[in-house]
>>> print(open('upload.tsv').read())   # TSV, C-alpha atoms
chain	number	residue	atom	x	y	z
A	649	MET	CA	89.10	156.32	59.15
A	650	SER	CA	88.45	152.69	58.23
A	651	LEU	CA	89.45	149.76	60.41
A	652	VAL	CA	92.11	148.78	57.87
A	653	GLU	CA	93.63	152.28	58.08
A	654	LEU	CA	93.50	152.27	61.89
A	655	ILE	CA	95.41	148.98	62.01
A	656	ALA	CA	97.94	150.26	59.45
A	657	ARG	CA	98.65	153.36	61.59
A	658	ALA	CA	98.64	151.70	65.02
A	659	ASP	CA	101.77	151.56	67.16
A	660	THR	CA	102.99	148.46	69.00
A	661	ARG	CA	100.71	148.92	72.02
A	662	GLY	CA	97.73	149.67	69.78
A	663	LEU	CA	98.33	146.56	67.68
A	664	ALA	CA	98.75	144.37	70.75
A	665	ALA	CA	95.57	145.82	72.29
A	666	SER	CA	93.67	145.37	69.04
A	667	GLY	CA	94.55	141.69	68.71
A	668	LEU	CA	94.07	141.08	72.41
A	669	ALA	CA	90.67	142.78	72.45
A	670	CYS	CA	89.46	140.59	69.58
A	671	LEU	CA	90.67	137.50	71.43
A	672	ASP	CA	89.17	138.74	74.71
A	673	ARG	CA	85.73	139.19	73.16
A	674	CYS	CA	85.88	135.62	71.83
A	675	VAL	CA	86.88	134.01	75.16
A	676	PRO	CA	83.32	132.65	75.70
A	677	LEU	CA	83.89	130.32	72.75
A	678	LEU	CA	86.95	128.92	74.53
A	679	ASP	CA	85.04	128.29	77.78
A	680	GLY	CA	87.17	130.92	79.50
A	681	ASP	CA	86.09	133.12	82.36
A	682	ASP	CA	86.06	136.91	82.28
A	683	GLU	CA	89.55	137.10	83.79
A	684	ALA	CA	91.21	134.67	81.38
A	685	VAL	CA	93.22	137.24	79.41
A	686	ARG	CA	93.60	139.81	82.21
A	687	PRO	CA	97.37	139.14	82.58
A	688	LEU	CA	97.93	140.29	78.98
A	689	TRP	CA	95.89	143.46	79.54
A	690	ALA	CA	98.03	144.19	82.61
A	691	THR	CA	101.23	144.13	80.51
A	692	LEU	CA	99.73	146.70	78.12
A	693	ALA	CA	98.67	149.01	80.94
A	694	ASP	CA	102.28	149.55	82.04
A	695	ALA	CA	102.88	153.16	81.01
A	696	SER	CA	106.65	152.73	80.87
A	697	GLY	CA	106.76	149.94	78.33
A	698	ASP	CA	104.94	148.08	75.65
A	699	ALA	CA	104.05	144.49	74.90
A	700	SER	CA	107.52	143.54	73.69
A	701	GLY	CA	109.01	142.57	77.05
A	702	PRO	CA	109.23	139.22	78.81
A	703	ASP	CA	106.07	140.01	80.81
A	704	TRP	CA	103.97	139.65	77.64
A	705	ALA	CA	105.48	136.23	76.80
A	706	GLU	CA	105.00	135.03	80.36
A	707	ALA	CA	101.41	136.27	80.50
A	708	LEU	CA	100.69	134.73	77.09
A	709	ALA	CA	101.89	131.33	78.34
A	710	GLN	CA	99.54	131.64	81.35
A	711	VAL	CA	96.60	132.55	79.11
A	712	ARG	CA	97.29	129.66	76.76
A	713	ASP	CA	97.36	127.27	79.73
A	714	LYS	CA	94.03	128.63	81.03
A	715	LEU	CA	92.31	128.41	77.66
A	716	ALA	CA	93.84	125.14	76.48
A	717	GLY	CA	91.14	123.11	74.86
A	718	PRO	CA	90.63	119.69	73.42
A	719	GLY	CA	91.76	120.71	69.95
A	720	ALA	CA	89.87	121.43	66.78
A	721	THR	CA	88.39	117.96	66.27
A	722	GLY	CA	84.64	118.27	66.28
A	723	GLU	CA	84.63	121.98	67.12
A	724	ASP	CA	82.56	124.37	65.06
A	725	GLU	CA	84.17	126.97	62.84
A	726	ALA	CA	83.76	129.86	65.32
A	727	VAL	CA	85.62	127.96	68.05
A	728	VAL	CA	88.37	126.93	65.63
A	729	LEU	CA	88.86	130.58	64.60
A	730	ALA	CA	89.08	131.67	68.25
A	731	ARG	CA	91.65	128.95	69.00
A	732	ARG	CA	93.71	130.07	66.00
A	733	MET	CA	93.76	133.65	67.32
A	734	LEU	CA	95.20	132.44	70.60
A	735	ALA	CA	97.66	130.04	68.96
A	736	ALA	CA	98.94	132.75	66.60
A	737	ALA	CA	99.58	135.34	69.33
A	738	PRO	CA	103.27	136.23	69.10
A	739	ALA	CA	105.43	135.67	72.17
A	740	GLU	CA	107.42	138.74	71.20
A	741	CYS	CA	105.11	141.58	70.35
A	742	SER	CA	107.02	143.72	67.94
A	743	GLY	CA	107.55	144.27	64.28
A	744	PRO	CA	105.58	142.92	61.36
A	745	VAL	CA	104.46	139.76	63.17
A	746	LEU	CA	102.42	141.86	65.60
A	747	ARG	CA	100.69	143.78	62.80
A	748	THR	CA	99.95	140.49	61.01
A	749	TRP	CA	98.46	139.01	64.20
A	750	ALA	CA	96.32	142.08	64.94
A	751	ASP	CA	95.03	142.11	61.37
A	752	ALA	CA	94.29	138.36	61.42
A	753	CYS	CA	92.50	138.71	64.78
A	754	SER	CA	90.36	141.50	63.33
A	755	VAL	CA	89.30	139.34	60.39
A	756	ALA	CA	88.76	136.23	62.55
A	757	SER	CA	86.68	138.09	65.14
A	758	LEU	CA	84.47	139.61	62.46
A	759	CYS	CA	84.04	136.17	60.88
A	760	ILE	CA	83.14	134.69	64.27
A	761	HIS	CA	80.54	137.39	64.84
A	762	ARG	CA	79.17	136.81	61.33
A	763	LEU	CA	78.95	133.06	61.97
A	764	LEU	CA	77.12	133.64	65.26
A	765	ALA	CA	74.85	136.44	64.05
A	766	PRO	CA	71.23	135.37	64.05
A	767	ALA	CA	69.82	135.50	60.52
A	768	ALA	CA	73.12	136.72	59.07
A	769	GLY	CA	72.09	135.49	55.67
A	770	ALA	CA	73.90	133.42	53.13
A	771	ALA	CA	76.90	135.71	52.58
A	772	PRO	CA	80.20	134.05	53.49
A	773	ALA	CA	81.67	135.13	56.81
A	774	ALA	CA	84.82	136.30	55.03
A	775	ASP	CA	82.80	138.96	53.20
A	776	VAL	CA	82.70	141.33	56.18
A	777	PRO	CA	84.12	144.63	54.87
A	778	ARG	CA	86.65	146.37	57.10
A	779	ASP	CA	87.21	149.38	54.92
A	780	ALA	CA	83.64	150.67	54.78
A	781	GLY	CA	80.88	151.50	57.20
A	782	THR	CA	78.49	149.17	58.99
A	783	GLU	CA	75.53	149.64	56.64
A	784	GLY	CA	73.89	146.37	55.69
A	785	LEU	CA	75.78	144.33	58.28
A	786	PRO	CA	73.96	142.24	60.90
A	787	PRO	CA	73.82	144.13	64.23
A	788	LEU	CA	76.23	141.71	65.96
A	789	VAL	CA	78.84	142.18	63.21
A	790	ALA	CA	78.35	145.95	62.98
A	791	ALA	CA	78.85	146.26	66.74
A	792	GLU	CA	82.06	144.22	66.55
A	793	LEU	CA	83.37	146.42	63.74
A	794	ARG	CA	82.66	149.53	65.86
A	795	ARG	CA	84.34	147.98	68.92
A	796	GLN	CA	87.48	147.16	66.95
A	797	ALA	CA	87.72	150.73	65.69
A	798	ALA	CA	87.04	152.13	69.17
A	799	VAL	CA	89.90	150.11	70.71
A	800	LEU	CA	92.37	151.34	68.10
A	801	GLU	CA	91.18	154.95	68.43
A	802	LEU	CA	91.47	154.83	72.24
A	803	LEU	CA	95.05	153.57	72.10
A	804	ALA	CA	96.03	155.99	69.33
A	805	GLY	CA	94.61	158.94	71.26
A	806	HIS	CA	95.64	158.05	74.81
A	807	GLY	CA	98.54	155.56	74.76
A	808	ALA	CA	98.78	153.54	77.96
A	809	ALA	CA	95.90	155.56	79.45
A	810	GLY	CA	93.68	154.15	76.66
A	811	VAL	CA	94.15	150.56	77.83
A	812	ARG	CA	91.50	150.69	80.57
A	813	PRO	CA	88.77	152.17	78.35
A	814	ALA	CA	89.76	149.69	75.61
A	815	LEU	CA	89.35	146.87	78.13
A	816	GLU	CA	85.89	148.23	78.98
A	817	VAL	CA	84.93	148.19	75.30
A	818	SER	CA	86.17	144.63	75.05
A	819	THR	CA	84.35	143.56	78.22
A	820	GLU	CA	81.07	144.85	76.82
A	821	GLY	CA	81.62	142.86	73.63
A	822	ARG	CA	82.53	139.72	75.59
A	823	ARG	CA	79.26	139.95	77.52
A	824	VAL	CA	77.32	140.25	74.29
A	825	LEU	CA	79.09	137.28	72.73
A	826	ARG	CA	78.68	135.23	75.92
A	827	ALA	CA	74.91	135.80	75.71
A	828	VAL	CA	74.89	134.79	72.02
A	829	VAL	CA	76.90	131.64	72.76
A	830	SER	CA	74.60	130.78	75.65
A	831	ARG	CA	71.46	131.21	73.50
A	832	ARG	CA	73.04	129.14	70.78
A	833	ALA	CA	73.88	126.33	73.23
A	834	ARG	CA	70.30	126.31	74.58
A	835	GLY	CA	68.99	126.15	71.01
A	836	ARG	CA	71.10	123.04	70.31
A	837	GLY	CA	70.16	121.30	73.55
>>> encode(input="upload.tsv", output="structure tokens")
Amino acid sequence: MSLVELIARADTRGLAASGLACLDRCVPLLDGDDEAVRPLWATLADASGDASGPDWAEALAQVRDKLAGPGATGEDEAVVLARRMLAAAPAECSGPVLRTWADACSVASLCIHRLLAPAAGAAPAADVPRDAGTEGLPPLVAAELRRQAAVLELLAGHGAAGVRPALEVSTEGRRVLRAVVSRRARGRG
């Protein structure tokens, strides 16, 4: 199943986890530590509920405070995209707004990975296909596409029990992106 189909079929928890995982992997661009979005993951892990309660809104406010930055002036495109993901996160995770956010996070995260991919070529970042395989994609982008699909599949197959493995998938991706960001910073300095 393609990433587009997985997002279309995801339930509320799956959509929230999908958007959150994309944001989590991009935290290194926002100068956040590995625990920055942990409060949001904790709300999804609650087996009795979903992300639509007041706990999500409260946790989102905490995360936004932790990752507040100087604004988009002078920031490169990858950082701006990451900030937009965080800014667009809905305080009430339900309905069409959640699906829109998860879908936008998917696109933004793939664009970020395309922008940061060494030797990604001249193709525009927006040209990352989400409805096909990973053939011909730079390794960094292909890995991000696989991670996004894995998160959605884990939540679809396991519900609340899929949150922890989804977090592990996201943590692995965050480490990879942190290394890329670090190499990029050394190359500029």
>>> axis_aligned_box(input="upload.tsv", around="stretch 729-739 of chain A", padding_each_side="4 Å", output="JSON")
{"center_x": 97.1, "center_y": 132.6, "center_z": 68.4, "size_x": 24.6, "size_y": 15.3, "size_z": 15.6}
>>> closest_atom_pairs(input="upload.tsv", of="stretch 667-740 of chain A", to="stretch 746-762 of chain A", cutoff="10 Å", atoms="all atoms listed in the file", output="tab-separated table")
residue	atom	partner	partner_atom	distance
A:Gly667	CA	A:Ala750	CA	4.2
A:Leu668	CA	A:Ala750	CA	7.9
A:Ala669	CA	A:Cys753	CA	8.9
A:Cys670	CA	A:Ser757	CA	5.8
A:Leu671	CA	A:Cys753	CA	7.0
A:Asp672	CA	A:Ser757	CA	9.9
A:Arg673	CA	A:Ser757	CA	8.2
A:Cys674	CA	A:Ser757	CA	7.2
A:Leu677	CA	A:Ile760	CA	9.6
A:Ala699	CA	A:Leu746	CA	9.8
A:Ser700	CA	A:Leu746	CA	9.7
A:Glu725	CA	A:Ile760	CA	7.9
A:Ala726	CA	A:Ile760	CA	5.0
A:Val727	CA	A:Ile760	CA	8.1
A:Val728	CA	A:Ile760	CA	9.5
A:Leu729	CA	A:Ala756	CA	6.0
A:Ala730	CA	A:Ala756	CA	7.3
A:Arg732	CA	A:Ala756	CA	8.6
A:Met733	CA	A:Cys753	CA	5.8
A:Leu734	CA	A:Cys753	CA	9.0
A:Ala736	CA	A:Trp749	CA	6.7
A:Ala737	CA	A:Trp749	CA	6.4
A:Pro738	CA	A:Leu746	CA	6.7
A:Ala739	CA	A:Leu746	CA	9.5
A:Glu740	CA	A:Leu746	CA	8.1
>>> residues_near_point(input="upload.tsv", point="(96.3, 124.7, 74.9)", cutoff="9 Å", atoms="only C-alpha atoms", output="tab-separated table (two decimals) with C-alpha atoms, keeping the file's coordinate frame")
chain	number	residue	atom	x	y	z
A	711	VAL	CA	96.60	132.55	79.11
A	712	ARG	CA	97.29	129.66	76.76
A	713	ASP	CA	97.36	127.27	79.73
A	714	LYS	CA	94.03	128.63	81.03
A	715	LEU	CA	92.31	128.41	77.66
A	716	ALA	CA	93.84	125.14	76.48
A	717	GLY	CA	91.14	123.11	74.86
A	718	PRO	CA	90.63	119.69	73.42
A	719	GLY	CA	91.76	120.71	69.95
A	731	ARG	CA	91.65	128.95	69.00
A	734	LEU	CA	95.20	132.44	70.60
A	735	ALA	CA	97.66	130.04	68.96
>>> closest_residue(input="upload.tsv", among="A:Ala765, A:Val675, A:Leu692, A:Ala833", to="A:Ser818", atoms="only C-alpha atoms")
A:Val675
>>> atom_distance(input="upload.tsv", atom1="atom CA of A:Val789", atom2="atom CA of A:Leu763")
9.2 Å
>>> atom_distance(input="upload.tsv", atom1="atom CA of A:Cys741", atom2="atom CA of A:Val685")
15.6 Å
>>> atom_distance(input="upload.tsv", atom1="atom CA of A:Gly807", atom2="atom CA of A:Arg795")
17.1 Å
>>> closest_residue(input="upload.tsv", among="A:Ala693, A:Leu654, A:Leu793, A:Ala707", to="A:Pro813", atoms="all atoms listed in the file")
A:Ala693
>>> closest_residue(input="upload.tsv", among="A:Glu706, A:Asp779, A:Glu801, A:Asp682", to="A:Glu820", atoms="all atoms listed in the file")
A:Asp682
>>> closest_residue(input="upload.tsv", among="A:Val745, A:Leu785, A:Ala690, A:Leu815", to="A:Leu800", atoms="all atoms listed in the file")
A:Leu815
>>> closest_residue(input="upload.tsv", among="A:Leu803, A:Gly781, A:Asp703, A:Val829", to="A:Ile655", atoms="all atoms listed in the file")
A:Leu803
>>> closest_residue(input="upload.tsv", among="A:Arg823, A:Arg778, A:Arg812, A:His806", to="A:Ala790", atoms="only C-alpha atoms")
A:Arg778
